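Peer 1: I have a structure I would like to understand better, so I am pasting it below and will then ask my questions one at a time.
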Amino acid sequence: MGPRGDAIAQVDFVVGEIMKSVEKHGIAANTMLIFTSDNGPVLNDGYEDFSVEKLGNHNPSGPFRGGKYSIYESGTRVPTIVYWKGKIIPLVSNALLSQVDFYSSFAALVGQKVPANVLDSKNHLTSLTGEDKKGRDQLLEEAGTLALRIGDWKYIKPSKYEKHFLWVTTKGIESGIMDKAQLFNLRDDPSEQVNLADKYPEKVKELHKELERIENRGGS
């Protein structure tokens, strides 16, 4: 994978060095390690690292649609590994979380109060440790427009700025921004291929109303 592969190998090495250091200093049982990403994958992002040319048959988005900059799941759904020696039993969880929740979760972990004007961050420490596999009831997503996930449903708000995000397509990625509502059932359609907005107009109204409530409630 050229320089991109070198960077991935280097990250892997450095994480290993951090873990060895934590063990060496005897603090592994009192240290939570989290490895995650700030967005989904992108190849053609201005780096001359031959990642497009050397990609082969690999699809870094897996089954998901879009990528970095996209409101579709590949843009906002990111890999997250949480490790805490002796405290977390290895498992795979589909708990719905946001990195915004780290703030309140870590506050709970160390016994600190969260200011009253912090509205978006929620304490989901038990989801990070694998005890709770459900996580959030709903999750707001943002990438050029807003989307709301509640249960298996995902609603993407229409945006008049669709043309402003055409630059995303030059990177080989769908922005997901349209001037019409989009509704997907992620349980049945994790790849977001079938827009159900016309089939379930009442569900669109329900999720749009909740999205507007979140937008207009104020806060920090």
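Order determines the names: the first chain of the structure tokens is A, the second B, and so forth; residues in each chain are numbered 1 upward, and ligands are numbered 1 upward as they are shown.
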Excluding Tyr161 (chain A) and its own-chain neighbours fewer than 2 positions away, which residues fall within 12 Å of it when counting only C-alpha atoms? Please give them as a PyMOL selection string.
Peer 2: chain A and resi 143-146+157-159+163-167+175-180
Peer 1: Take the residues just selected and output them with C-alpha atoms as a short mmCIF file (atom, residue, chain, number, x, y, z; two decimals), in the first residue's frame.
Peer 2:
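Output below, filename selection.cif:
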```
data_model
loop_
_atom_site.label_atom_id
_atom_site.label_comp_id
_atom_site.auth_asym_id
_atom_site.auth_seq_id
_atom_site.Cartn_x
_atom_site.Cartn_y
_atom_site.Cartn_z
CA ALA A 143 -21.78 16.09 7.39
CA GLY A 144 -22.92 19.03 5.27
CA THR A 145 -26.47 18.34 6.43
CA LEU A 146 -28.02 16.67 9.47
CA LYS A 157 -32.68 16.11 6.29
CA PRO A 158 -33.09 17.70 2.84
CA SER A 159 -30.60 20.46 2.06
CA LYS A 163 -24.61 21.80 -5.25
CA HIS A 164 -22.13 23.27 -2.75
CA PHE A 165 -20.92 19.76 -1.92
CA LEU A 166 -20.26 18.51 -5.44
CA TRP A 167 -16.54 18.69 -4.60
CA SER A 175 -22.04 13.27 -0.11
CA GLY A 176 -25.55 11.97 0.55
CA ILE A 177 -26.87 15.54 0.44
CA MET A 178 -30.12 15.89 -1.52
CA ASP A 179 -32.94 18.40 -1.77
CA LYS A 180 -35.43 15.70 -0.73
#
```
Peer 1: Can you pull out the residues contacting region 91-104 of chain A? Cut-off 8 Å, using only C-alpha atoms, and skip same-chain residues under 5 positions away; I want them as a list of chain:residue names.
Peer 2: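 With the cut-off at 8 Å, the set is A:Val114, A:Asp120, A:Ser121, A:Lys122, A:Asn123, A:His124, A:Ser127, A:Gly130, A:Asp132, A:Lys133, A:Lys134, A:Gly135, A:Arg136, A:Asp137, A:Gln138, A:Leu139.
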Peer 1: May I have the residues from that selection written out with C-alpha atoms, as a PDB file, in the first residue's frame?
Peer 2:
```pdb
ATOM      1  CA  VAL A 114     -20.802  17.765  33.957  1.00  0.00           C
ATOM      2  CA  ASP A 120     -25.332  16.614  23.801  1.00  0.00           C
ATOM      3  CA  SER A 121     -22.834  14.502  25.730  1.00  0.00           C
ATOM      4  CA  LYS A 122     -24.371  11.566  27.616  1.00  0.00           C
ATOM      5  CA  ASN A 123     -22.870   9.146  30.116  1.00  0.00           C
ATOM      6  CA  HIS A 124     -22.532   5.798  28.354  1.00  0.00           C
ATOM      7  CA  SER A 127     -21.532   0.875  26.799  1.00  0.00           C
ATOM      8  CA  GLY A 130     -19.429  -3.629  27.101  1.00  0.00           C
ATOM      9  CA  ASP A 132     -24.684  -2.197  27.939  1.00  0.00           C
ATOM     10  CA  LYS A 133     -24.990  -3.229  24.298  1.00  0.00           C
ATOM     11  CA  LYS A 134     -27.761  -0.747  23.440  1.00  0.00           C
ATOM     12  CA  GLY A 135     -26.227   2.683  24.040  1.00  0.00           C
ATOM     13  CA  ARG A 136     -28.120   5.743  22.881  1.00  0.00           C
ATOM     14  CA  ASP A 137     -31.824   5.919  22.008  1.00  0.00           C
ATOM     15  CA  GLN A 138     -30.987   8.404  19.267  1.00  0.00           C
ATOM     16  CA  LEU A 139     -27.964   9.953  17.600  1.00  0.00           C
TER      17      LEU A 139
END
```
Peer 1: Can you work out the spacing between CA of Leu140 (chain A) and CA of Ile71 (chain A) in Å, to one decimal?
Peer 2: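 Value for the CA of Leu140 (chain A)-CA of Ile71 (chain A) distance: 10.8 Å.
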Peer 1: Do you have the CA of Phe35 (chain A)-CA of Val110 (chain A) distance handy?
Peer 2: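 Atom-to-atom, CA of Phe35 (chain A) to CA of Val110 (chain A), that is 19.9 Å.
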Peer 1: Report the distance between CA of Leu207 (chain A) and CA of Val118 (chain A) in Å, rounded to one decimal place.
Peer 2: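 Atom-to-atom, CA of Leu207 (chain A) to CA of Val118 (chain A), that is 22.7 Å.
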Peer 1: Can you tell me, as a list in words, what residues are no more than 12 Å from Lys87 (chain A) when counting only C-alpha atoms, ignoring any on the same chain fewer than 5 positions away?
Peer 2: Ala28, Ala29, Asn30, Thr31, Met32, Leu33, Val82, Thr126, Leu128, Thr129, Gly130 and Glu131 of chain A
Peer 1: Residues near Asp198 (chain A), anyone? I mean within 10 Å using only C-alpha atoms, not counting same-chain ones fewer than 6 positions away, as a list in words.
Peer 2: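 Returned residues: Ala181, Gln182, Leu183 and Val204 of chain A.
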Peer 1: Can I get the selection written as a PDB file, in the first residue's frame, with N, CA and C atoms?
Peer 2:
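Contents of the output file result-v9.pdb:
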```
ATOM      1  N   ALA A 181     -36.097  14.476   1.237  1.00  0.00           N
ATOM      2  CA  ALA A 181     -35.887  13.671   2.437  1.00  0.00           C
ATOM      3  C   ALA A 181     -35.419  12.262   2.077  1.00  0.00           C
ATOM      4  N   GLN A 182     -34.576  11.703   2.944  1.00  0.00           N
ATOM      5  CA  GLN A 182     -34.147  10.318   2.792  1.00  0.00           C
ATOM      6  C   GLN A 182     -34.416   9.567   4.097  1.00  0.00           C
ATOM      7  N   LEU A 183     -34.939   8.372   3.974  1.00  0.00           N
ATOM      8  CA  LEU A 183     -35.262   7.547   5.135  1.00  0.00           C
ATOM      9  C   LEU A 183     -34.798   6.119   4.866  1.00  0.00           C
ATOM     10  N   VAL A 204     -41.178   9.963   8.414  1.00  0.00           N
ATOM     11  CA  VAL A 204     -40.367  11.115   8.017  1.00  0.00           C
ATOM     12  C   VAL A 204     -40.765  12.335   8.839  1.00  0.00           C
TER      13      VAL A 204
END
```
Peer 1: For the strand (DSSP E) assignment from backbone DSSP, which residues of region 49-176 of chain A qualify? Please present them as a list in words.
Peer 2: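 Everything in region 49-176 of chain A that counts as strand (DSSP E) is Thr80, Ile81, Val82, Tyr83, Gln138, Leu139, Leu140, Glu141, Glu142, Leu146, Ala147, Leu148, Arg149, Ile150, Trp153, Lys154, Tyr155 and Ile156 of chain A.
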Peer 1: For the selection just defined, write its residues with N, CA and C atoms to a file, as a short mmCIF file (atom, residue, chain, number, x, y, z; two decimals), in the first residue's frame.
Peer 2:
```cif
data_model
loop_
_atom_site.label_atom_id
_atom_site.label_comp_id
_atom_site.auth_asym_id
_atom_site.auth_seq_id
_atom_site.Cartn_x
_atom_site.Cartn_y
_atom_site.Cartn_z
N THR A 80 -14.17 1.46 16.45
CA THR A 80 -13.79 1.86 17.80
C THR A 80 -13.43 0.62 18.61
N ILE A 81 -12.24 0.61 19.15
CA ILE A 81 -11.79 -0.49 20.00
C ILE A 81 -11.52 0.08 21.39
N VAL A 82 -12.12 -0.53 22.41
CA VAL A 82 -11.93 -0.10 23.80
C VAL A 82 -11.28 -1.26 24.56
N TYR A 83 -10.18 -0.97 25.23
CA TYR A 83 -9.43 -1.99 25.96
C TYR A 83 -9.15 -1.51 27.38
N GLN A 138 -31.05 7.67 20.53
CA GLN A 138 -30.99 8.40 19.27
C GLN A 138 -29.62 9.06 19.12
N LEU A 139 -29.28 9.37 17.88
CA LEU A 139 -27.96 9.95 17.60
C LEU A 139 -28.07 10.95 16.45
N LEU A 140 -27.58 12.14 16.68
CA LEU A 140 -27.53 13.17 15.64
C LEU A 140 -26.22 13.03 14.87
N GLU A 141 -26.31 13.10 13.54
CA GLU A 141 -25.13 13.02 12.69
C GLU A 141 -25.05 14.29 11.85
N GLU A 142 -23.82 14.69 11.48
CA GLU A 142 -23.65 15.91 10.68
C GLU A 142 -22.52 15.73 9.69
N LEU A 146 -27.81 17.41 8.23
CA LEU A 146 -28.02 16.67 9.47
C LEU A 146 -28.78 15.39 9.21
N ALA A 147 -28.51 14.40 10.03
CA ALA A 147 -29.26 13.14 9.99
C ALA A 147 -29.55 12.74 11.43
N LEU A 148 -30.63 11.97 11.60
CA LEU A 148 -31.02 11.50 12.92
C LEU A 148 -31.25 10.00 12.88
N ARG A 149 -30.59 9.32 13.78
CA ARG A 149 -30.80 7.88 13.94
C ARG A 149 -31.61 7.62 15.20
N ILE A 150 -32.70 6.88 15.07
CA ILE A 150 -33.49 6.41 16.21
C ILE A 150 -33.81 4.95 15.96
N TRP A 153 -34.03 3.24 12.40
CA TRP A 153 -34.34 4.24 11.40
C TRP A 153 -33.27 5.32 11.32
N LYS A 154 -33.03 5.78 10.09
CA LYS A 154 -32.14 6.93 9.88
C LYS A 154 -32.82 7.88 8.90
N TYR A 155 -32.95 9.12 9.35
CA TYR A 155 -33.56 10.18 8.52
C TYR A 155 -32.49 11.19 8.16
N ILE A 156 -32.38 11.52 6.88
CA ILE A 156 -31.44 12.54 6.41
C ILE A 156 -32.24 13.75 5.95
#
```
